[in-house]
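One structure below.
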Amino acid sequence: MISFPVDKVLCLNFNQDCSCLAVGTEDGFKIFSCDPYRKCYQKKDGGMGLVSMLYCTSLLAIVGAGQQASLSPRRLQLFNSSEQKSICELNFMDSILNVKLNKKRLVVVLEFKLHIFDISTMKLLQSANTNANPKGLVGLSMGEDISYVAYPWSSESGTGDVIVMDAVNLHKVSVIKAHKTVLSSLAFSNDGNRLATSSSKGTVIRVFDIPESRLVYTLRRGSVPAQIYSLSFNASATLLCVSSDTGTIHIFKLSEAKKNFKEGMSVGSIQDTLNNMLVSVRDFAHLKVRSEGSARNICVIPEGDTRVFVATYDGFLYQFGLDAVNGGSCRLEKEYRLLDAAAV
């Protein structure tokens with residue numbers, strides 16, 4: 001008897017403390033606890049293109065995949081899973097590409113616009129025009145008193161600049177010239193003090209101090225170009241997890257990485273080029289994911305820094321052991337199927 005998945009993953013999102021995983025599928029969405037692994041909630045209501053949690057609460061932000069008229073990709077629902085009902089709906093002119101939320105703010109990303117809402121009232125606080133952002137790239141830090149939003153910007157055609165905004169006081173903090181080519185991924189540390197970025201080339205990851213916006217680490221993933229799938233800091237921002245289409249996940253130890261010669265140097269300058277050659281840091285630990293056709297994945301390091309969780313778009317959650325002292329190759333400890341299977 002052979003089992004085949006009867007569903008397809010459309011989106012994956014770990015919650016803010018990496019304790020739960022939200023999975024949007026063609027049939028609805030599911031919420032899983034990562035450790036111990038169990039399915040906490042499931043709703044079969046049609047395709048879900050985006051599902052985001054607010055920590056371990058019952059509040060979810062969901063966006064349909066457009067397979068039914070009632071689940072438009074232009075409609076955002078705030079959904080209460082304990083009461084099993086929608087508590088707020090917002091409609092937009094264009095498809096919603098990403099949603100981020102913390103305890104004070106909810107950020108909605110369209111291809112050419114970004115909206116910031118007060119999550120307690122769902123009042124629109126600010127809208128910003130953006131360059132074309134077809135991937136819906138955005139970062140939101142988790143602080144309540146101090147919180148930042150970051151999104152791509154190109155001051156010149158094809159460059160990978162980043163705008164950093166204060167999400168609480170609603171003003172621009174800085175424009176960071178992060179890469180010479182367009183951005184492929186970005187992520188804040190939980191406290192918002194660090195921002196990691198990668199470009200479409202995918203060979204180098206840069207880490208900036210916020211709000212100073214100074215370049216402090218240059219991390220070398222490899223010499224062969226790759227598509228970066230995800231960037232994720234651990235809770236203390238001493239480790240950075242990087243996944244890509246190579247199937248290898250790299251973990252960098254920032255506490256031991258050498259800082260750049262001159263913080264805040266101009267990306268693409270002669271000094272920056274020399275810095276990349278002489279100071280860039282190789283990974284501290286690594287692991288290889290088994291998946292069909294280098295399936296997209298996201299990775300996180302949960303509390304304790306002894307494990308790495310990897311969720312893949314071919315429907316699996318993997319748990320690897322991490323030696324936070326010696327690093328090296330991470331060993332696969334557990335493997336779980338996220339999709340229901342039909343026996344044939």
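Residue numbering restarts at 1 for every chain of the structure tokens, chains are lettered A, B, ... in their displayed order, and ligands are numbered from 1 as they appear.
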
Sorted by chain and rising residue number, list the residues of range 29-51 of chain A at most 10 Å from range 309-327 of chain A (counting only C-alpha atoms), each with its closest atom pair and distance in Å to one decimal, as CSV.
residue,atom,partner,partner_atom,distance
A:Phe32,CA,A:Leu317,CA,9.9
A:Cys34,CA,A:Phe309,CA,8.2
A:Asp35,CA,A:Gln319,CA,9.4
A:Tyr37,CA,A:Leu317,CA,9.5

Write out, as an mmCIF file, in the first residue's frame, the residues just selected, with N, CA and C atoms.
data_model
loop_
_atom_site.group_PDB
_atom_site.id
_atom_site.type_symbol
_atom_site.label_atom_id
_atom_site.label_comp_id
_atom_site.auth_asym_id
_atom_site.auth_seq_id
_atom_site.Cartn_x
_atom_site.Cartn_y
_atom_site.Cartn_z
ATOM 1 N N PHE A 32 0.284 23.487 13.983
ATOM 2 C CA PHE A 32 0.988 22.412 14.672
ATOM 3 C C PHE A 32 1.826 22.974 15.818
ATOM 4 N N CYS A 34 5.286 22.378 17.652
ATOM 5 C CA CYS A 34 6.527 21.758 17.164
ATOM 6 C C CYS A 34 7.130 20.767 18.155
ATOM 7 N N ASP A 35 7.060 21.071 19.448
ATOM 8 C CA ASP A 35 7.657 20.185 20.437
ATOM 9 C C ASP A 35 6.882 20.285 21.749
ATOM 10 N N TYR A 37 5.369 17.466 19.075
ATOM 11 C CA TYR A 37 4.687 17.625 17.801
ATOM 12 C C TYR A 37 3.249 17.126 17.908
#

Note to self: Just checking: using only C-alpha atoms, which residue out of A:Leu254, A:Val168, A:Leu339, A:Ile176 ends up closest to Glu144 in chain A?
What the structure shows: A:Val168

Next item on the list: Enumerate the residues of range 25-261 of chain A with a DSSP assignment of strand (DSSP E), computed from the backbone, and present them as JSON, numbers by chain.
Entry: {"A": [25, 29, 30, 31, 32, 33, 34, 37, 38, 39, 40, 41, 42, 43, 48, 49, 50, 51, 52, 53, 59, 60, 61, 62, 63, 64, 75, 76, 77, 78, 79, 80, 85, 86, 87, 88, 89, 90, 91, 98, 99, 100, 101, 105, 106, 107, 108, 109, 113, 114, 115, 116, 117, 118, 123, 124, 125, 126, 127, 128, 129, 139, 140, 148, 149, 150, 151, 152, 153, 160, 161, 162, 163, 164, 165, 166, 171, 172, 173, 174, 175, 176, 177, 178, 179, 183, 184, 185, 186, 187, 188, 194, 195, 196, 197, 198, 199, 204, 205, 206, 207, 208, 209, 214, 215, 216, 217, 218, 219, 220, 228, 229, 230, 231, 232, 233, 239, 240, 241, 242, 243, 244, 248, 249, 250, 251, 252, 253]}

Check: Val175 in chain A: which residues within 7 Å, counting only C-alpha atoms, same-chain residues fewer than 4 positions away excluded, as JSON, numbers by chain?
Finding: {"A": [161, 162, 163, 164]}

Residues as selected, C-alpha atoms, written as a PDB file, in the first residue's frame, can you do that?
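Resulting contents of again18.pdb:
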ATOM      1  CA  ASP A 161      18.523  48.936  -0.655  1.00  0.00           C
ATOM      2  CA  VAL A 162      16.372  48.599   2.471  1.00  0.00           C
ATOM      3  CA  ILE A 163      14.127  51.179   4.119  1.00  0.00           C
ATOM      4  CA  VAL A 164      13.859  50.835   7.907  1.00  0.00           C
TER       5      VAL A 164
END

Which neighbours of range 18-26 of chain A fall inside 10 Å, counting only C-alpha atoms, when residues of the same chain fewer than 3 positions from it are skipped, and could you give them as a PDB file with C-alpha atoms, in the first residue's frame?
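What ended up in result09.pdb:
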ATOM      1  CA  VAL A   6      -3.887  14.530  -0.934  1.00  0.00           C
ATOM      2  CA  ASP A   7      -3.121  18.196  -0.393  1.00  0.00           C
ATOM      3  CA  LYS A   8      -0.515  20.774  -1.363  1.00  0.00           C
ATOM      4  CA  VAL A   9       1.340  23.282   0.823  1.00  0.00           C
ATOM      5  CA  LEU A  10       0.758  26.900  -0.200  1.00  0.00           C
ATOM      6  CA  CYS A  11       2.407  28.681   2.741  1.00  0.00           C
ATOM      7  CA  LEU A  12       4.484  27.975   5.847  1.00  0.00           C
ATOM      8  CA  ASN A  13       5.046  30.256   8.845  1.00  0.00           C
ATOM      9  CA  PHE A  14       6.553  29.618  12.261  1.00  0.00           C
ATOM     10  CA  ASN A  15       5.130  31.800  15.013  1.00  0.00           C
ATOM     11  CA  PHE A  29      -4.967  25.464   7.042  1.00  0.00           C
ATOM     12  CA  LYS A  30      -3.456  23.677  10.041  1.00  0.00           C
ATOM     13  CA  ILE A  31      -1.643  24.736  13.201  1.00  0.00           C
ATOM     14  CA  PHE A  32       0.988  22.412  14.672  1.00  0.00           C
ATOM     15  CA  SER A  33       2.867  22.474  17.952  1.00  0.00           C
ATOM     16  CA  CYS A  34       6.527  21.758  17.164  1.00  0.00           C
ATOM     17  CA  ASP A  35       7.657  20.185  20.437  1.00  0.00           C
ATOM     18  CA  PRO A  36       5.895  18.044  21.356  1.00  0.00           C
ATOM     19  CA  TYR A  37       4.687  17.625  17.801  1.00  0.00           C
ATOM     20  CA  ARG A  38       0.908  17.571  17.455  1.00  0.00           C
ATOM     21  CA  LYS A  39      -1.812  19.100  15.315  1.00  0.00           C
ATOM     22  CA  CYS A  40      -3.536  21.773  17.407  1.00  0.00           C
ATOM     23  CA  TYR A  41      -6.101  23.047  14.932  1.00  0.00           C
ATOM     24  CA  GLN A  42      -7.376  22.409  11.434  1.00  0.00           C
ATOM     25  CA  LYS A  43      -9.909  24.193   9.260  1.00  0.00           C
ATOM     26  CA  LYS A  44     -10.946  22.895   5.859  1.00  0.00           C
ATOM     27  CA  ASP A  45     -12.410  25.885   4.091  1.00  0.00           C
ATOM     28  CA  GLY A  46     -10.589  26.121   0.756  1.00  0.00           C
ATOM     29  CA  GLY A  47      -7.114  27.216  -0.329  1.00  0.00           C
ATOM     30  CA  MET A  48      -5.160  29.473   2.054  1.00  0.00           C
ATOM     31  CA  GLY A  49      -2.286  31.447   0.580  1.00  0.00           C
ATOM     32  CA  LEU A  50      -1.146  33.110   3.827  1.00  0.00           C
ATOM     33  CA  VAL A  51      -1.539  32.094   7.486  1.00  0.00           C
ATOM     34  CA  SER A  52       0.270  33.966  10.275  1.00  0.00           C
ATOM     35  CA  MET A  53      -0.026  33.461  14.042  1.00  0.00           C
ATOM     36  CA  TYR A  55       2.603  33.925  19.218  1.00  0.00           C
ATOM     37  CA  CYS A  56       0.564  31.008  20.681  1.00  0.00           C
ATOM     38  CA  LEU A  60      -4.585  34.317  13.117  1.00  0.00           C
ATOM     39  CA  ILE A  62      -5.336  34.556   6.984  1.00  0.00           C
ATOM     40  CA  VAL A  63      -5.557  35.302   3.258  1.00  0.00           C
ATOM     41  CA  GLY A  64      -7.223  33.062   0.698  1.00  0.00           C
ATOM     42  CA  ALA A  65      -5.443  31.660  -2.333  1.00  0.00           C
ATOM     43  CA  GLN A  67      -9.474  29.410  -5.625  1.00  0.00           C
ATOM     44  CA  ASN A 234      17.806  32.700  17.343  1.00  0.00           C
ATOM     45  CA  ALA A 235      16.197  34.415  20.352  1.00  0.00           C
ATOM     46  CA  CYS A 299      14.203  27.206   9.088  1.00  0.00           C
ATOM     47  CA  VAL A 300      14.298  28.445  12.698  1.00  0.00           C
ATOM     48  CA  ILE A 301      16.315  27.893  15.870  1.00  0.00           C
ATOM     49  CA  PRO A 302      13.916  27.599  18.838  1.00  0.00           C
ATOM     50  CA  GLU A 303      14.588  28.536  22.448  1.00  0.00           C
ATOM     51  CA  VAL A 308      16.838  23.442  14.282  1.00  0.00           C
ATOM     52  CA  PHE A 309      13.333  23.123  12.849  1.00  0.00           C
ATOM     53  CA  ALA A 311       9.547  23.015   7.365  1.00  0.00           C
ATOM     54  CA  TYR A 313       6.871  22.890   0.944  1.00  0.00           C
ATOM     55  CA  GLY A 315       5.012  18.702   3.379  1.00  0.00           C
ATOM     56  CA  LEU A 317       8.762  19.145   9.408  1.00  0.00           C
ATOM     57  CA  LEU A 338       2.424  17.796   7.594  1.00  0.00           C
ATOM     58  CA  LEU A 339       0.009  16.672   4.882  1.00  0.00           C
TER      59      LEU A 339
END

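Separating CA of Ile210 in chain A from CA of Leu195 in chain A is a distance of 6.9 Å.
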
Checklist line | Best match for closeness to Leu219 in chain A among A:Leu240, A:Ala128, A:Met165, A:Val281, counting only C-alpha atoms | finding: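 Closest to Leu219 in chain A of all the choices is A:Val281.
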
Notebook entry, point to check: If you measure from CA of Thr246 in chain A to CA of Gly304 in chain A, what distance in Å do you get, rounded to one decimal?
Noted result: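 If I compute the distance from CA of Thr246 in chain A to CA of Gly304 in chain A, I get 26.8 Å.
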
Notebook entry, point to check: Near Asn102 in chain A, within 12 Å and counting only C-alpha atoms, which residues show up once chain neighbours fewer than 3 positions away are dropped, as number ranges by chain?
Noted result: A: 15-17, 52-57, 59-61, 99, 105-107, 116-120, 139-149, 167-168, 190-191

Keeping only C-alpha atoms, write the selected residues to a file as a PDB file, in the first residue's frame.
ATOM      1  CA  ASN A  15       5.130  31.800  15.013  1.00  0.00           C
ATOM      2  CA  GLN A  16       7.245  34.434  16.743  1.00  0.00           C
ATOM      3  CA  ASP A  17       8.793  32.140  19.376  1.00  0.00           C
ATOM      4  CA  SER A  52       0.270  33.966  10.275  1.00  0.00           C
ATOM      5  CA  MET A  53      -0.026  33.461  14.042  1.00  0.00           C
ATOM      6  CA  LEU A  54       0.318  35.918  16.918  1.00  0.00           C
ATOM      7  CA  TYR A  55       2.603  33.925  19.218  1.00  0.00           C
ATOM      8  CA  CYS A  56       0.564  31.008  20.681  1.00  0.00           C
ATOM      9  CA  THR A  57      -2.728  32.891  20.823  1.00  0.00           C
ATOM     10  CA  LEU A  59      -5.521  35.090  16.714  1.00  0.00           C
ATOM     11  CA  LEU A  60      -4.585  34.317  13.117  1.00  0.00           C
ATOM     12  CA  ALA A  61      -4.171  36.499  10.037  1.00  0.00           C
ATOM     13  CA  VAL A  99       1.388  39.738   6.421  1.00  0.00           C
ATOM     14  CA  ARG A 105       1.243  46.260  14.779  1.00  0.00           C
ATOM     15  CA  LEU A 106      -0.013  44.390  11.738  1.00  0.00           C
ATOM     16  CA  VAL A 107       1.749  44.976   8.415  1.00  0.00           C
ATOM     17  CA  ILE A 116       0.688  49.508   8.914  1.00  0.00           C
ATOM     18  CA  PHE A 117      -2.279  48.915  11.240  1.00  0.00           C
ATOM     19  CA  ASP A 118      -2.830  49.175  14.993  1.00  0.00           C
ATOM     20  CA  ILE A 119      -3.595  45.527  15.756  1.00  0.00           C
ATOM     21  CA  SER A 120      -5.824  46.355  18.757  1.00  0.00           C
ATOM     22  CA  GLY A 139      10.591  42.343   8.182  1.00  0.00           C
ATOM     23  CA  LEU A 140       8.880  43.273  11.463  1.00  0.00           C
ATOM     24  CA  SER A 141      10.628  43.158  14.825  1.00  0.00           C
ATOM     25  CA  MET A 142       8.760  41.925  17.876  1.00  0.00           C
ATOM     26  CA  GLY A 143       9.315  44.729  20.415  1.00  0.00           C
ATOM     27  CA  GLU A 144       6.298  46.568  21.811  1.00  0.00           C
ATOM     28  CA  ASP A 145       7.904  49.882  22.829  1.00  0.00           C
ATOM     29  CA  ILE A 146      10.444  49.817  19.991  1.00  0.00           C
ATOM     30  CA  SER A 147       9.537  48.012  16.778  1.00  0.00           C
ATOM     31  CA  TYR A 148      10.857  48.315  13.228  1.00  0.00           C
ATOM     32  CA  VAL A 149       9.579  47.525   9.751  1.00  0.00           C
ATOM     33  CA  ALA A 167       6.638  50.956  13.386  1.00  0.00           C
ATOM     34  CA  VAL A 168       5.556  52.546  16.686  1.00  0.00           C
ATOM     35  CA  ASN A 190      13.357  39.572  17.832  1.00  0.00           C
ATOM     36  CA  ASP A 191      14.539  42.687  19.662  1.00  0.00           C
TER      37      ASP A 191
END

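Around Ile96 in chain A, within 9 Å and counting only C-alpha atoms, the residues found are A:Leu50, A:Val63, A:Pro73, A:Arg74, A:Arg75, A:Leu76, A:Val108, A:Val109, A:Leu110, A:Glu111, A:Gly136, once anything fewer than 6 positions away on its own chain is removed.
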
Notebook entry, point to check: Near Leu183 in chain A, within 6 Å and counting only C-alpha atoms, which residues show up once chain neighbours fewer than 4 positions away are dropped, as a ChimeraX atom specification?
Noted result: /A:160,198-200

Taking C-alpha atoms for each residue, export the selection above as a PDB file, in the first residue's frame.
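Just written: result-v6.pdb:
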ATOM      1  CA  GLY A 160      19.270  46.083  -3.029  1.00  0.00           C
ATOM      2  CA  SER A 198      20.579  38.664   1.241  1.00  0.00           C
ATOM      3  CA  SER A 199      20.533  39.482  -2.459  1.00  0.00           C
ATOM      4  CA  SER A 200      19.474  37.594  -5.565  1.00  0.00           C
TER       5      SER A 200
END
